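Peer 1: The structure is given below, and queries will be raised subsequently.
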Amino acid sequence: DVNEERLTAIYEAELARHTDAYELEVVKRRTREIAQKIQSTPLAIYECAWLECGLNPFTVRKDQVAAGWIQFTRVGLSGIRHEGQAVSFDQVLYACKRRDIQLMMNLTEIYLTTHYHIAGERPLNNTIDLYLALFAPASIGAPHNKVIYQGRNNPAYYLNKGLDGWYITQTGDGRQQIFRKEAACDGAITIWEMYLALEAKKDRLVSTYLNK
């Protein structure tokens, strides 16, 4: 029952824990600008970033496979260009190491607008559609049981294994709750599981702030 304005404020409060005042204002401003360019909302972008990097724009995975605000990967950056030049993963690592928030948001804008065009310039104000636009634009609007990543030996599945195994169950008082179990991981990640992972992580963050 929390409205979009309050949710956005919660995400920005969490963002402030990982950034200084200058970095925070840059991310907030650029997120609003990028959202307009891809027919999205700041909230949708924050929700995707929360799942990807915990709202720390300079996060680098321990295995160096992904880094930055939306966890760029070498494969994901393939074909992404700016002013005729390929955007490289080294640029992302540089931005993380130097805490260059302007460069990080520039790279984010290039990436998101490129994928917005790949997705046919359809509105991406729905968080799951925006998330799919990042990694599987051809699957936007597909049935909820559509498999996005499959195969336990598939690098793409392994990188996103945390999205597998999510499901909804009824509690004793008739409410629905989202759960994840290793036993439910079947080696195939569906759109529905992505959505549940987004909602579950959002719920944990929002509950923390509302219960203070």
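Every chain in the structure tokens has a letter given in the order shown (A, B, ...), and although residue numbers restart at 1 in each chain, ligands are simply numbered from 1 in the order shown.
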If you run DSSP over the backbone, which residues in region 25-112 of chain A end up strand (DSSP E or B)? Put them as JSON, numbers by chain.

Peer 2: {"A": [60, 66, 67, 72, 73, 81, 82, 85, 86]}

Peer 1: Let's have the selection written as a CSV table (one decimal), in the first residue's frame, with N, CA and C atoms.

Peer 2:
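And here's result34.csv as it stands now:
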chain,number,residue,atom,x,y,z
A,60,VAL,N,31.6,-3.8,-7.4
A,60,VAL,CA,32.2,-4.8,-8.4
A,60,VAL,C,32.1,-6.2,-7.8
A,66,ALA,N,30.9,-8.7,-13.2
A,66,ALA,CA,29.9,-7.6,-13.4
A,66,ALA,C,30.3,-6.4,-12.4
A,67,ALA,N,29.9,-5.2,-12.8
A,67,ALA,CA,30.3,-4.1,-12.0
A,67,ALA,C,29.4,-2.9,-12.4
A,72,PHE,N,27.1,-4.0,-15.2
A,72,PHE,CA,27.5,-4.2,-16.5
A,72,PHE,C,28.4,-5.5,-16.6
A,73,THR,N,28.3,-6.2,-17.7
A,73,THR,CA,29.1,-7.3,-17.9
A,73,THR,C,29.8,-7.1,-19.3
A,81,ARG,N,27.9,1.4,-28.0
A,81,ARG,CA,28.8,2.3,-28.5
A,81,ARG,C,28.4,3.7,-28.1
A,82,HIS,N,29.4,4.6,-28.0
A,82,HIS,CA,29.2,6.0,-27.7
A,82,HIS,C,30.1,6.8,-28.6
A,85,GLN,N,32.6,4.9,-30.6
A,85,GLN,CA,33.6,4.1,-29.9
A,85,GLN,C,32.8,3.1,-29.0
A,86,ALA,N,33.4,1.8,-29.0
A,86,ALA,CA,32.8,0.8,-28.2
A,86,ALA,C,33.0,1.1,-26.7

Peer 1: Please tabulate, as JSON lines, the residues of region 80-170 of chain A that come within 8 Å of region 23-43 of chain A, each with its closest pair of atoms and the distance in Å to one decimal, counting only C-alpha atoms and ordering rows by chain, then residue number upward.

Peer 2:
{"residue": "A:Ile101", "atom": "CA", "partner": "A:Glu23", "partner_atom": "CA", "distance": 6.1}
{"residue": "A:Gln102", "atom": "CA", "partner": "A:Val26", "partner_atom": "CA", "distance": 7.2}
{"residue": "A:Met105", "atom": "CA", "partner": "A:Arg30", "partner_atom": "CA", "distance": 6.7}
{"residue": "A:Glu109", "atom": "CA", "partner": "A:Ile34", "partner_atom": "CA", "distance": 6.0}
{"residue": "A:Leu112", "atom": "CA", "partner": "A:Ile38", "partner_atom": "CA", "distance": 7.4}
{"residue": "A:Thr113", "atom": "CA", "partner": "A:Ile38", "partner_atom": "CA", "distance": 6.2}
{"residue": "A:Tyr116", "atom": "CA", "partner": "A:Ile38", "partner_atom": "CA", "distance": 5.9}
{"residue": "A:Glu121", "atom": "CA", "partner": "A:Ile38", "partner_atom": "CA", "distance": 7.2}
{"residue": "A:Arg122", "atom": "CA", "partner": "A:Gln39", "partner_atom": "CA", "distance": 7.6}
{"residue": "A:Pro123", "atom": "CA", "partner": "A:Gln39", "partner_atom": "CA", "distance": 4.8}
{"residue": "A:Leu124", "atom": "CA", "partner": "A:Ser40", "partner_atom": "CA", "distance": 4.7}
{"residue": "A:Asn125", "atom": "CA", "partner": "A:Ser40", "partner_atom": "CA", "distance": 3.8}
{"residue": "A:Asn126", "atom": "CA", "partner": "A:Ser40", "partner_atom": "CA", "distance": 7.3}
{"residue": "A:Leu130", "atom": "CA", "partner": "A:Ser40", "partner_atom": "CA", "distance": 7.7}

Peer 1: With only C-alpha atoms counted and 10 Å as the cut-off, give the residues of region 37-138 of chain A in contact with region 1-20 of chain A, each with its shortest interatomic distance in Å and the pair that gives it, as JSON lines.

Peer 2:
{"residue": "A:Thr41", "atom": "CA", "partner": "A:Thr8", "partner_atom": "CA", "distance": 9.5}
{"residue": "A:Pro42", "atom": "CA", "partner": "A:Thr8", "partner_atom": "CA", "distance": 7.2}
{"residue": "A:Leu43", "atom": "CA", "partner": "A:Thr8", "partner_atom": "CA", "distance": 5.3}
{"residue": "A:Ala44", "atom": "CA", "partner": "A:Thr8", "partner_atom": "CA", "distance": 9.0}
{"residue": "A:Ile45", "atom": "CA", "partner": "A:Thr8", "partner_atom": "CA", "distance": 9.9}
{"residue": "A:Tyr46", "atom": "CA", "partner": "A:Tyr11", "partner_atom": "CA", "distance": 6.5}
{"residue": "A:Glu47", "atom": "CA", "partner": "A:Tyr11", "partner_atom": "CA", "distance": 7.8}
{"residue": "A:Ala49", "atom": "CA", "partner": "A:Tyr11", "partner_atom": "CA", "distance": 9.7}
{"residue": "A:Trp50", "atom": "CA", "partner": "A:Tyr11", "partner_atom": "CA", "distance": 8.0}
{"residue": "A:Gly54", "atom": "CA", "partner": "A:Leu15", "partner_atom": "CA", "distance": 8.3}
{"residue": "A:Leu55", "atom": "CA", "partner": "A:Leu15", "partner_atom": "CA", "distance": 5.3}
{"residue": "A:Asn56", "atom": "CA", "partner": "A:His18", "partner_atom": "CA", "distance": 5.4}
{"residue": "A:Pro57", "atom": "CA", "partner": "A:His18", "partner_atom": "CA", "distance": 7.9}
{"residue": "A:Phe58", "atom": "CA", "partner": "A:His18", "partner_atom": "CA", "distance": 8.8}
{"residue": "A:Thr59", "atom": "CA", "partner": "A:His18", "partner_atom": "CA", "distance": 9.8}
{"residue": "A:Arg99", "atom": "CA", "partner": "A:Thr19", "partner_atom": "CA", "distance": 9.4}
{"residue": "A:Ile101", "atom": "CA", "partner": "A:Thr19", "partner_atom": "CA", "distance": 9.5}

Peer 1: Which residue, A:Trp166, A:Trp192, A:Lys202, A:Asn154, has the smallest gap to Arg180 (chain A) when you use only C-alpha atoms?

Peer 2: A:Trp166

Peer 1: Just the alpha helix (DSSP H) stuff from region 12-159 of chain A, please, per backbone DSSP, written as a VMD selection string.

Peer 2: chain A and resid 12 to 16 21 to 37 42 to 53 89 to 98 101 to 118 127 to 135 155 to 159

Peer 1: Env of Thr190 (chain A): 8 Å cut, atoms = only C-alpha atoms, seq-sep filter 3 positions within chain, self excluded. Answer as a tab-separated table (two decimals) with N, CA, C and O atoms, in the first residue's frame.

Peer 2:
chain	number	residue	atom	x	y	z
A	144	HIS	N	4.43	-15.22	-18.45
A	144	HIS	CA	5.21	-15.20	-17.22
A	144	HIS	C	6.05	-16.46	-17.04
A	144	HIS	O	7.03	-16.46	-16.29
A	145	ASN	N	5.69	-17.56	-17.73
A	145	ASN	CA	6.46	-18.80	-17.59
A	145	ASN	C	7.58	-18.93	-18.63
A	145	ASN	O	8.22	-19.97	-18.73
A	146	LYS	N	7.81	-17.86	-19.38
A	146	LYS	CA	8.89	-17.84	-20.37
A	146	LYS	C	10.24	-18.00	-19.66
A	146	LYS	O	10.55	-17.30	-18.70
A	147	VAL	N	11.06	-18.93	-20.12
A	147	VAL	CA	12.38	-19.16	-19.54
A	147	VAL	C	13.39	-18.19	-20.16
A	147	VAL	O	13.51	-18.11	-21.39
A	148	ILE	N	14.11	-17.46	-19.32
A	148	ILE	CA	15.09	-16.49	-19.79
A	148	ILE	C	16.50	-17.07	-19.78
A	148	ILE	O	17.26	-16.90	-20.72
A	149	TYR	N	16.85	-17.75	-18.69
A	149	TYR	CA	18.16	-18.40	-18.59
A	149	TYR	C	17.94	-19.86	-18.23
A	149	TYR	O	17.15	-20.17	-17.35
A	164	ASP	N	16.69	-17.97	-9.48
A	164	ASP	CA	16.00	-19.24	-9.61
A	164	ASP	C	15.46	-19.69	-8.24
A	164	ASP	O	16.02	-19.35	-7.20
A	193	GLU	N	9.82	-15.81	-11.93
A	193	GLU	CA	10.80	-15.88	-10.86
A	193	GLU	C	11.59	-14.57	-10.73
A	193	GLU	O	11.91	-14.12	-9.63
A	194	MET	N	11.90	-13.95	-11.86
A	194	MET	CA	12.56	-12.64	-11.83
A	194	MET	C	11.69	-11.63	-11.09
A	194	MET	O	12.17	-10.86	-10.25

Peer 1: Could you give me, as number ranges by chain, the residues within 10 Å of Arg152 (chain A), counting only C-alpha atoms and dropping anything in the same chain fewer than 6 positions from it?

Peer 2: A: 158, 161, 185-188

Peer 1: Could you dump the residues just selected with N, CA, C and O atoms as a PDB file, in the first residue's frame?

Peer 2:
ATOM      1  N   TYR A 158      24.331 -19.348 -14.464  1.00  0.00           N
ATOM      2  CA  TYR A 158      25.160 -19.345 -13.250  1.00  0.00           C
ATOM      3  C   TYR A 158      25.294 -17.931 -12.682  1.00  0.00           C
ATOM      4  O   TYR A 158      25.218 -17.719 -11.470  1.00  0.00           O
ATOM      5  N   LYS A 161      21.932 -17.152 -10.951  1.00  0.00           N
ATOM      6  CA  LYS A 161      21.334 -18.272 -10.239  1.00  0.00           C
ATOM      7  C   LYS A 161      20.451 -17.819  -9.066  1.00  0.00           C
ATOM      8  O   LYS A 161      19.483 -18.490  -8.701  1.00  0.00           O
ATOM      9  N   CYS A 185      15.153 -24.752  -7.089  1.00  0.00           N
ATOM     10  CA  CYS A 185      15.991 -24.340  -8.223  1.00  0.00           C
ATOM     11  C   CYS A 185      16.060 -25.488  -9.231  1.00  0.00           C
ATOM     12  O   CYS A 185      16.609 -26.550  -8.928  1.00  0.00           O
ATOM     13  N   ASP A 186      15.501 -25.260 -10.408  1.00  0.00           N
ATOM     14  CA  ASP A 186      15.411 -26.331 -11.401  1.00  0.00           C
ATOM     15  C   ASP A 186      16.310 -26.096 -12.615  1.00  0.00           C
ATOM     16  O   ASP A 186      16.202 -26.799 -13.621  1.00  0.00           O
ATOM     17  N   GLY A 187      17.169 -25.086 -12.517  1.00  0.00           N
ATOM     18  CA  GLY A 187      18.063 -24.821 -13.640  1.00  0.00           C
ATOM     19  C   GLY A 187      17.450 -23.985 -14.736  1.00  0.00           C
ATOM     20  O   GLY A 187      18.043 -23.824 -15.804  1.00  0.00           O
ATOM     21  N   ALA A 188      16.273 -23.422 -14.484  1.00  0.00           N
ATOM     22  CA  ALA A 188      15.595 -22.571 -15.468  1.00  0.00           C
ATOM     23  C   ALA A 188      14.999 -21.364 -14.752  1.00  0.00           C
ATOM     24  O   ALA A 188      14.251 -21.512 -13.786  1.00  0.00           O
TER      25      ALA A 188
END

Peer 1: Measuring atom to atom with only C-alpha atoms, identify which of A:Cys96, A:Ala183, A:Leu210, A:Cys48 is nearest to Ala197 (chain A).

Peer 2: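 Using only C-alpha atoms, Ala197 (chain A) sits closest to A:Cys48.
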
Peer 1: So, counting only C-alpha atoms, which residue among A:Ala136, A:Leu93, A:Leu107, A:Leu196 is closest to Gly165 (chain A)?

Peer 2: A:Leu196

Peer 1: Quote the spacing between CA of His115 (chain A) and CA of Arg98 (chain A) in Å to one decimal place.

Peer 2: 26.1 Å

Peer 1: Using only C-alpha atoms, which protein or nucleic acid residues come within 9 Å of Ile118 (chain A)? Drop anything in the same chain fewer than 5 positions from it, and give the result as a list in words.

Peer 2: Thr113, Ala133, Pro137 and Ala138 of chain A

Peer 1: So that I have them on file, write out the residues from the current selection with N, CA, C and O atoms, as a short mmCIF file (atom, residue, chain, number, x, y, z; two decimals), in the first residue's frame.

Peer 2:
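And here's selection.cif as it stands now:
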data_model
loop_
_atom_site.label_atom_id
_atom_site.label_comp_id
_atom_site.auth_asym_id
_atom_site.auth_seq_id
_atom_site.Cartn_x
_atom_site.Cartn_y
_atom_site.Cartn_z
N THR A 113 19.48 3.49 -22.93
CA THR A 113 18.83 4.02 -24.14
C THR A 113 19.05 3.08 -25.33
O THR A 113 18.15 2.92 -26.16
N ALA A 133 14.51 -5.57 -20.42
CA ALA A 133 15.15 -4.76 -21.45
C ALA A 133 16.66 -4.75 -21.28
O ALA A 133 17.41 -4.65 -22.26
N PRO A 137 15.65 -8.24 -24.08
CA PRO A 137 14.60 -7.36 -24.62
C PRO A 137 13.57 -8.07 -25.48
O PRO A 137 12.41 -7.65 -25.53
N ALA A 138 13.95 -9.17 -26.13
CA ALA A 138 13.00 -9.89 -26.97
C ALA A 138 11.90 -10.55 -26.16
O ALA A 138 10.86 -10.93 -26.70
#

Peer 1: Could you jot down the CA of Asp129 (chain A) to CA of Lys62 (chain A) separation for me, Å, one decimal place?

Peer 2: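 Between CA of Asp129 (chain A) and CA of Lys62 (chain A) the gap works out to 27.7 Å.
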
Peer 1: Figure out the distance between CA of Leu163 (chain A) and CA of His117 (chain A), please, to one decimal in Å.

Peer 2: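 Calculated distance between CA of His117 (chain A) and CA of Leu163 (chain A) is 25.6 Å.
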
Peer 1: Using only C-alpha atoms, which residues sit within 9 Å of Thr169 (chain A) once same-chain residues fewer than 5 positions away are excluded, as a VMD selection string?

Peer 2: chain A and resid 175 to 179
